[in-house]
$ cat structure.cif   # mmCIF, C-alpha atoms
data_work
loop_
_atom_site.label_atom_id
_atom_site.label_comp_id
_atom_site.auth_asym_id
_atom_site.auth_seq_id
_atom_site.Cartn_x
_atom_site.Cartn_y
_atom_site.Cartn_z
CA MET A 1 0.00 0.00 0.00
CA VAL A 2 2.79 2.40 0.96
CA ARG A 3 4.67 1.60 -2.24
CA PHE A 4 1.51 2.35 -4.22
CA LEU A 5 1.09 5.75 -2.56
CA TRP A 6 4.72 6.70 -3.18
CA LYS A 7 4.31 5.75 -6.83
CA GLN A 8 1.20 8.00 -7.14
CA ILE A 9 2.98 10.88 -5.45
CA SER A 10 5.96 10.48 -7.81
CA TYR A 11 3.66 10.59 -10.83
CA LEU A 12 2.01 13.75 -9.45
CA LEU A 13 5.37 15.49 -8.87
CA ILE A 14 6.54 14.56 -12.36
CA GLY A 15 3.32 16.00 -13.86
CA ILE A 16 3.67 19.23 -11.93
CA SER A 17 7.29 19.59 -13.10
CA LEU A 18 6.34 19.01 -16.76
CA PHE A 19 3.52 21.54 -16.52
CA ALA A 20 5.85 24.16 -15.05
CA LEU A 21 8.42 23.51 -17.78
CA LEU A 22 5.85 23.89 -20.55
CA ALA A 23 4.49 27.08 -19.03
CA SER A 24 7.95 28.63 -18.91
CA CYS A 25 8.43 28.03 -22.63
CA GLN A 26 5.28 29.95 -23.71
CA PRO A 27 5.84 33.45 -25.22
CA THR A 28 4.85 36.21 -22.84
CA ALA A 29 2.75 39.16 -23.97
CA PRO A 30 4.89 42.29 -24.35
CA THR A 31 4.40 44.92 -21.71
CA ALA A 32 3.32 48.34 -22.92
CA GLU A 33 6.13 50.86 -22.51
CA SER A 34 5.35 54.52 -21.99
CA PRO A 35 6.72 56.75 -24.77
CA SER A 36 9.97 58.56 -24.05
CA SER A 37 9.88 62.24 -23.17
CA THR A 38 11.31 62.99 -26.60
CA GLU A 39 8.43 61.26 -28.35
CA THR A 40 5.76 62.95 -26.28
CA SER A 41 7.04 66.50 -25.97
CA THR A 42 8.97 67.30 -29.14
CA ALA A 43 6.91 68.99 -31.86
CA THR A 44 8.17 69.19 -35.41
CA PRO A 45 9.27 72.64 -36.61
CA ALA A 46 6.28 72.77 -38.96
CA GLN A 47 3.92 72.34 -35.98
CA THR A 48 5.81 74.87 -33.90
CA THR A 49 5.62 77.62 -36.54
CA GLN A 50 1.84 77.59 -36.21
CA ASN A 51 2.16 79.44 -32.89
CA LEU A 52 4.93 81.90 -33.68
CA PRO A 53 4.36 85.65 -34.06
CA VAL A 54 5.10 86.73 -37.63
CA ALA A 55 4.12 90.33 -38.34
CA TYR A 56 6.19 91.50 -35.38
CA SER A 57 8.64 89.65 -33.18
CA ASP A 58 6.14 89.65 -30.30
CA ARG A 59 2.64 89.77 -31.81
CA GLU A 60 0.46 89.01 -34.81
CA LEU A 61 -1.72 91.27 -36.95
CA GLU A 62 -5.19 91.82 -35.58
CA THR A 63 -8.37 92.26 -37.56
CA PRO A 64 -9.92 94.61 -38.53
CA ALA A 65 -6.60 95.50 -40.10
CA LYS A 66 -4.90 98.85 -39.54
CA LEU A 67 -2.19 100.48 -41.64
CA PRO A 68 0.94 100.69 -39.46
CA PRO A 69 2.95 103.92 -39.72
CA LEU A 70 6.37 103.80 -41.30
CA PRO A 71 9.03 103.44 -38.59
CA TYR A 72 11.03 106.31 -40.18
CA PRO A 73 10.35 109.35 -42.40
CA GLU A 74 9.53 108.73 -46.06
CA ASP A 75 12.85 110.19 -47.19
CA ALA A 76 14.96 108.34 -44.60
CA LEU A 77 16.07 105.62 -47.03
CA GLU A 78 16.92 107.95 -49.94
CA LYS A 79 20.28 106.29 -50.53
CA VAL A 80 18.36 103.24 -51.77
CA ILE A 81 14.63 104.09 -52.05
CA ASP A 82 13.37 107.55 -52.95
CA ALA A 83 10.74 109.34 -50.85
CA GLU A 84 8.08 109.33 -53.59
CA THR A 85 8.34 105.56 -53.97
CA MET A 86 8.10 105.10 -50.21
CA LYS A 87 5.02 107.32 -49.99
CA LEU A 88 3.22 105.59 -52.85
CA HIS A 89 4.25 102.14 -51.63
CA HIS A 90 3.05 102.70 -48.07
CA ASP A 91 0.18 105.19 -48.39
CA LYS A 92 -1.37 103.73 -51.55
CA HIS A 93 -0.37 100.09 -52.09
CA HIS A 94 -0.20 98.93 -48.47
CA ALA A 95 -3.25 100.99 -47.54
CA ALA A 96 -5.22 99.34 -50.36
CA TYR A 97 -4.39 95.85 -49.03
CA VAL A 98 -5.68 96.87 -45.59
CA LYS A 99 -8.94 98.28 -46.98
CA ASN A 100 -9.60 95.34 -49.29
CA LEU A 101 -8.97 92.84 -46.49
CA ASN A 102 -11.34 94.62 -44.12
CA ASP A 103 -14.04 94.91 -46.80
CA ALA A 104 -13.83 91.15 -47.41
CA LEU A 105 -13.98 90.26 -43.71
CA GLU A 106 -17.11 92.40 -43.23
CA LYS A 107 -18.98 89.70 -45.17
CA HIS A 108 -17.98 87.09 -42.60
CA PRO A 109 -18.13 88.49 -39.04
CA GLU A 110 -17.12 85.08 -37.65
CA LEU A 111 -13.60 85.69 -39.01
CA GLN A 112 -13.12 89.15 -37.56
CA ASN A 113 -11.58 87.99 -34.28
CA ARG A 114 -8.82 86.04 -36.01
CA SER A 115 -5.31 87.27 -36.76
CA VAL A 116 -4.20 87.79 -40.34
CA GLU A 117 -1.56 85.08 -39.87
CA SER A 118 -4.12 82.51 -38.73
CA LEU A 119 -6.26 83.21 -41.80
CA LEU A 120 -3.30 82.80 -44.16
CA ARG A 121 -2.23 79.55 -42.49
CA ASP A 122 -5.73 78.15 -42.85
CA LEU A 123 -6.85 79.44 -46.25
CA ASN A 124 -8.69 76.23 -47.13
CA ASN A 125 -11.15 76.99 -44.35
CA VAL A 126 -11.67 80.63 -45.37
CA PRO A 127 -15.01 80.91 -47.22
CA GLU A 128 -14.48 80.49 -50.94
CA ASP A 129 -16.12 83.80 -51.87
CA ILE A 130 -13.37 85.79 -50.09
CA ARG A 131 -10.49 83.28 -50.11
CA ASN A 132 -8.46 84.85 -52.90
CA THR A 133 -9.08 88.34 -51.51
CA VAL A 134 -7.79 87.28 -48.09
CA ARG A 135 -4.84 85.50 -49.67
CA ASN A 136 -3.79 88.48 -51.77
CA ASN A 137 -4.64 91.36 -49.45
CA GLY A 138 -4.00 89.66 -46.13
CA GLY A 139 -0.67 88.53 -47.57
CA GLY A 140 0.07 92.03 -48.83
CA HIS A 141 -0.67 93.51 -45.41
CA LEU A 142 1.49 90.97 -43.61
CA ASN A 143 4.38 91.12 -46.08
CA HIS A 144 4.61 94.89 -46.03
CA THR A 145 4.31 95.12 -42.25
CA ILE A 146 7.40 92.89 -42.08
CA PHE A 147 9.15 94.74 -44.92
CA TRP A 148 9.08 98.22 -43.32
CA GLN A 149 10.69 96.86 -40.15
CA LEU A 150 13.47 95.13 -42.08
CA MET A 151 14.87 98.49 -43.24
CA SER A 152 16.49 101.31 -41.30
CA PRO A 153 18.36 104.56 -42.10
CA GLN A 154 21.15 103.14 -39.92
CA GLY A 155 21.00 99.75 -41.66
CA GLY A 156 23.37 98.09 -44.05
CA GLY A 157 26.74 96.46 -43.74
CA GLU A 158 27.19 92.82 -42.89
CA PRO A 159 25.14 90.85 -40.37
CA THR A 160 26.34 90.39 -36.83
CA GLY A 161 25.33 88.14 -33.97
CA ALA A 162 23.54 84.82 -34.17
CA ILE A 163 22.12 85.33 -37.65
CA ALA A 164 25.60 86.03 -39.05
CA THR A 165 26.88 82.77 -37.61
CA GLU A 166 23.95 80.81 -38.98
CA ILE A 167 24.21 82.39 -42.44
CA ASN A 168 27.91 81.55 -42.60
CA GLN A 169 27.28 77.98 -41.49
CA THR A 170 24.47 77.46 -43.99
CA PHE A 171 25.71 79.32 -47.07
CA GLY A 172 29.48 79.48 -46.50
CA SER A 173 29.69 83.27 -46.24
CA PHE A 174 27.54 86.37 -46.27
CA ASP A 175 28.64 87.16 -49.84
CA ALA A 176 27.59 83.70 -51.00
CA PHE A 177 24.24 84.08 -49.26
CA LYS A 178 23.65 87.54 -50.70
CA LYS A 179 24.46 86.31 -54.21
CA GLN A 180 21.96 83.44 -53.95
CA PHE A 181 19.31 85.72 -52.44
CA ASN A 182 19.71 88.33 -55.18
CA GLU A 183 19.64 85.68 -57.90
CA ALA A 184 16.40 84.24 -56.54
CA GLY A 185 14.88 87.72 -56.47
CA THR A 186 16.03 88.51 -60.00
CA LYS A 187 14.64 85.23 -61.35
CA GLN A 188 11.23 85.59 -59.68
CA PHE A 189 8.91 85.88 -62.68
CA GLY A 190 6.60 88.86 -62.49
CA SER A 191 5.58 90.24 -59.12
CA GLY A 192 6.55 88.56 -55.88
CA TRP A 193 8.96 88.35 -52.98
CA VAL A 194 12.30 86.76 -52.15
CA TRP A 195 12.82 85.44 -48.62
CA LEU A 196 15.26 83.98 -46.17
CA VAL A 197 13.14 81.56 -44.15
CA ARG A 198 13.51 78.95 -41.49
CA ASN A 199 11.92 75.91 -43.13
CA ALA A 200 9.90 73.12 -41.55
CA GLN A 201 13.13 71.27 -40.72
CA GLY A 202 14.48 74.28 -38.82
CA GLN A 203 17.05 75.13 -41.51
CA LEU A 204 17.73 78.44 -43.24
CA GLN A 205 16.56 78.47 -46.86
CA ILE A 206 16.13 81.02 -49.65
CA VAL A 207 12.73 80.90 -51.35
CA SER A 208 10.65 83.14 -53.57
CA THR A 209 6.87 83.50 -53.59
CA PRO A 210 4.54 84.90 -56.26
CA ASN A 211 2.28 87.89 -55.79
CA GLN A 212 1.65 88.49 -52.06
CA ASP A 213 2.02 84.91 -50.83
CA ASN A 214 3.85 84.53 -47.52
CA PRO A 215 6.06 81.54 -46.61
CA ILE A 216 3.91 80.70 -43.56
CA ALA A 217 1.45 79.10 -45.97
CA GLU A 218 4.10 76.43 -46.57
CA GLY A 219 5.08 76.04 -42.92
CA SER A 220 8.21 78.21 -43.13
CA TYR A 221 9.03 81.24 -40.98
CA PRO A 222 10.06 84.48 -42.78
CA ILE A 223 13.24 86.09 -41.44
CA ILE A 224 14.20 88.43 -44.33
CA GLY A 225 11.88 89.45 -47.16
CA ASN A 226 12.43 91.81 -50.07
CA ASP A 227 9.60 93.09 -52.24
CA VAL A 228 10.31 92.61 -55.96
CA TRP A 229 7.02 94.03 -57.21
CA GLU A 230 7.83 96.86 -59.62
CA HIS A 231 6.04 99.39 -57.39
CA ALA A 232 8.81 98.83 -54.81
CA TYR A 233 11.58 100.15 -57.02
CA TYR A 234 10.42 101.35 -60.46
CA LEU A 235 10.61 105.13 -60.00
CA LYS A 236 14.31 104.99 -59.14
CA TYR A 237 15.50 101.83 -60.89
CA ARG A 238 13.04 101.45 -63.79
CA ASN A 239 13.47 97.88 -64.99
CA ARG A 240 16.79 97.30 -63.20
CA ARG A 241 15.58 94.91 -60.52
CA ALA A 242 19.03 93.39 -60.00
CA GLU A 243 20.45 96.83 -59.16
CA TYR A 244 17.67 97.46 -56.65
CA LEU A 245 18.28 94.07 -55.02
CA GLU A 246 22.00 94.77 -54.69
CA ASN A 247 21.50 98.25 -53.25
CA TRP A 248 18.80 97.10 -50.82
CA TRP A 249 21.41 95.54 -48.53
CA ASN A 250 22.57 99.08 -47.68
CA VAL A 251 19.42 99.65 -45.59
CA VAL A 252 18.82 96.18 -44.10
CA ASN A 253 18.03 96.38 -40.40
CA TRP A 254 20.19 93.56 -39.02
CA SER A 255 18.96 94.14 -35.49
CA GLU A 256 15.43 93.28 -36.60
CA VAL A 257 16.69 90.35 -38.67
CA ASN A 258 18.43 88.96 -35.60
CA LYS A 259 15.20 89.20 -33.60
CA ARG A 260 13.34 87.26 -36.25
CA GLY A 261 16.14 84.74 -36.61
CA GLN A 262 15.91 83.88 -32.92
CA ILE A 263 12.18 83.13 -33.03
CA LYS A 264 11.99 79.33 -33.12
#
$ encode --input "structure.cif" --output "structure tokens"
Amino acid sequence: MVRFLWKQISYLLIGISLFALLASCQPTAPTAESPSSTETSTATPAQTTQNLPVAYSDRELETPAKLPPLPYPEDALEKVIDAETMKLHHDKHHAAYVKNLNDALEKHPELQNRSVESLLRDLNNVPEDIRNTVRNNGGGHLNHTIFWQLMSPQGGGEPTGAIATEINQTFGSFDAFKKQFNEAGTKQFGSGWVWLVRNAQGQLQIVSTPNQDNPIAEGSYPIIGNDVWEHAYYLKYRNRRAEYLENWWNVVNWSEVNKRGQIK
């Protein structure tokens, strides 16, 4: 009887051992790991640019739009741009963009509490009946607001500070950058702008845009922009756009450029 019991117990122990061995060989379900801090907190540059101020280094353009005053007298940039051109450019062309934008937004009161930048970044959701008007005139208002600040009677020379370092690292030298920038402006067919932007990858890049389009529509941040519409230079330079582009560097406000270059 005792021998029989010991035999049964042995069989039971052997069975338990086999079961434990088989269980240990089964694949275990993977445990869910929490994403790293990098994965959860790092936004791509294209996402980040959606929240950056553009018209000014610290704020966006409100609606209804208002024509900002020139930050210097009309004749202050005479060494590059004559006073009559500045007056017509600001008081007529820029003023017209402001008026046309406001007239369009009156048709859609639900848009009147949005910034100009937010409208331009989201043109597909602007009502179709005013979409092109907002694109052209909102863009014109934004572009020119930036443009006036990028010039100064005390401007010119070569860049200094952080933007100088970044330009040299990206393009090799300021002269190489300026040459590429001027070439892009010269080759822009018809009316438009030439820009130094920070692209969606966070890199400096030279781009041109037609008409009054602004680089924010493509997820890039405008740092330098020069107007190559004929109304910006025709009274002094006639059809000599390349000469205007070359001379324009004599009034560039590098302090303002540095501010914009540091917005990331």
$ residues_around --input "structure.cif" --residues "A:Ala83" --least-positions-apart "5" --cutoff "12 Å" --atoms "all atoms listed in the file" --output "PyMOL selection string"
chain A and resi 70+72-78+88-91+232-233+235-236
$ resolve_selection --input "structure.cif" --expression "the PyMOL selection byres ((chain A and resi 211) around 7)" --output "list in words"
Ser191, Gly192, Thr209, Pro210, Gln212 and Asp213 of chain A
$ resolve_selection --input "structure.cif" --expression "the PyMOL selection byres ((chain A and resi 104) around 10)" --output "CSV table (one decimal) with C-alpha atoms, in the frame of the given file"
chain,number,residue,atom,x,y,z
A,99,LYS,CA,-8.9,98.3,-47.0
A,100,ASN,CA,-9.6,95.3,-49.3
A,101,LEU,CA,-9.0,92.8,-46.5
A,102,ASN,CA,-11.3,94.6,-44.1
A,103,ASP,CA,-14.0,94.9,-46.8
A,105,LEU,CA,-14.0,90.3,-43.7
A,106,GLU,CA,-17.1,92.4,-43.2
A,107,LYS,CA,-19.0,89.7,-45.2
A,108,HIS,CA,-18.0,87.1,-42.6
A,109,PRO,CA,-18.1,88.5,-39.0
A,129,ASP,CA,-16.1,83.8,-51.9
A,130,ILE,CA,-13.4,85.8,-50.1
A,131,ARG,CA,-10.5,83.3,-50.1
A,132,ASN,CA,-8.5,84.8,-52.9
A,133,THR,CA,-9.1,88.3,-51.5
A,134,VAL,CA,-7.8,87.3,-48.1
A,137,ASN,CA,-4.6,91.4,-49.4
$ resolve_selection --input "structure.cif" --expression "the PyMOL selection byres ((chain A and resi 63) around 8)" --output "PyMOL selection string"
chain A and resi 61-62+64-66+102+112-116
$ axis_aligned_box --input "structure.cif" --around "stretch 160-168 of chain A" --padding-each-side "5 Å" --output "lines of an AutoDock Vina configuration file"
center_x = 25.0
center_y = 85.6
center_z = -38.3
size_x = 15.8
size_y = 19.6
size_z = 18.6
$ atom_distance --input "structure.cif" --atom1 "atom CA of A:Gly219" --atom2 "atom CA of A:Val207"
12.4 Å
$ atom_distance --input "structure.cif" --atom1 "atom CA of A:Gln149" --atom2 "atom CA of A:Arg241"
21.0 Å
$ closest_residue --input "structure.cif" --among "A:Trp248, A:Pro153, A:Ile163, A:Gly139" --to "A:Leu119" --atoms "only C-alpha atoms"
A:Gly139
$ atom_distance --input "structure.cif" --atom1 "atom CA of A:Leu245" --atom2 "atom CA of A:Gln203"
23.3 Å
$ closest_residue --input "structure.cif" --among "A:Leu196, A:Leu120, A:Ala55, A:Leu142" --to "A:Pro222" --atoms "all atoms listed in the file"
A:Leu196
$ closest_residue --input "structure.cif" --among "A:Glu183, A:Ile223, A:Glu84, A:Leu67" --to "A:Ala96" --atoms "only C-alpha atoms"
A:Leu67
$ residues_around --input "structure.cif" --residues "A:Leu150" --least-positions-apart "5" --cutoff "10 Å" --atoms "all atoms listed in the file" --output "list in words"
His144, Thr145, Gly155, Ile223, Ile224, Gly225, Asn226, Val251, Val252, Asn253, Trp254, Ser255, Glu256, Val257 and Arg260 of chain A
$ closest_residue --input "structure.cif" --among "A:His141, A:Arg135, A:Arg59, A:Lys79" --to "A:Trp249" --atoms "all atoms listed in the file"
A:Lys79
$ closest_residue --input "structure.cif" --among "A:Lys92, A:Met151, A:Lys264, A:Val80" --to "A:Glu246" --atoms "all atoms listed in the file"
A:Val80
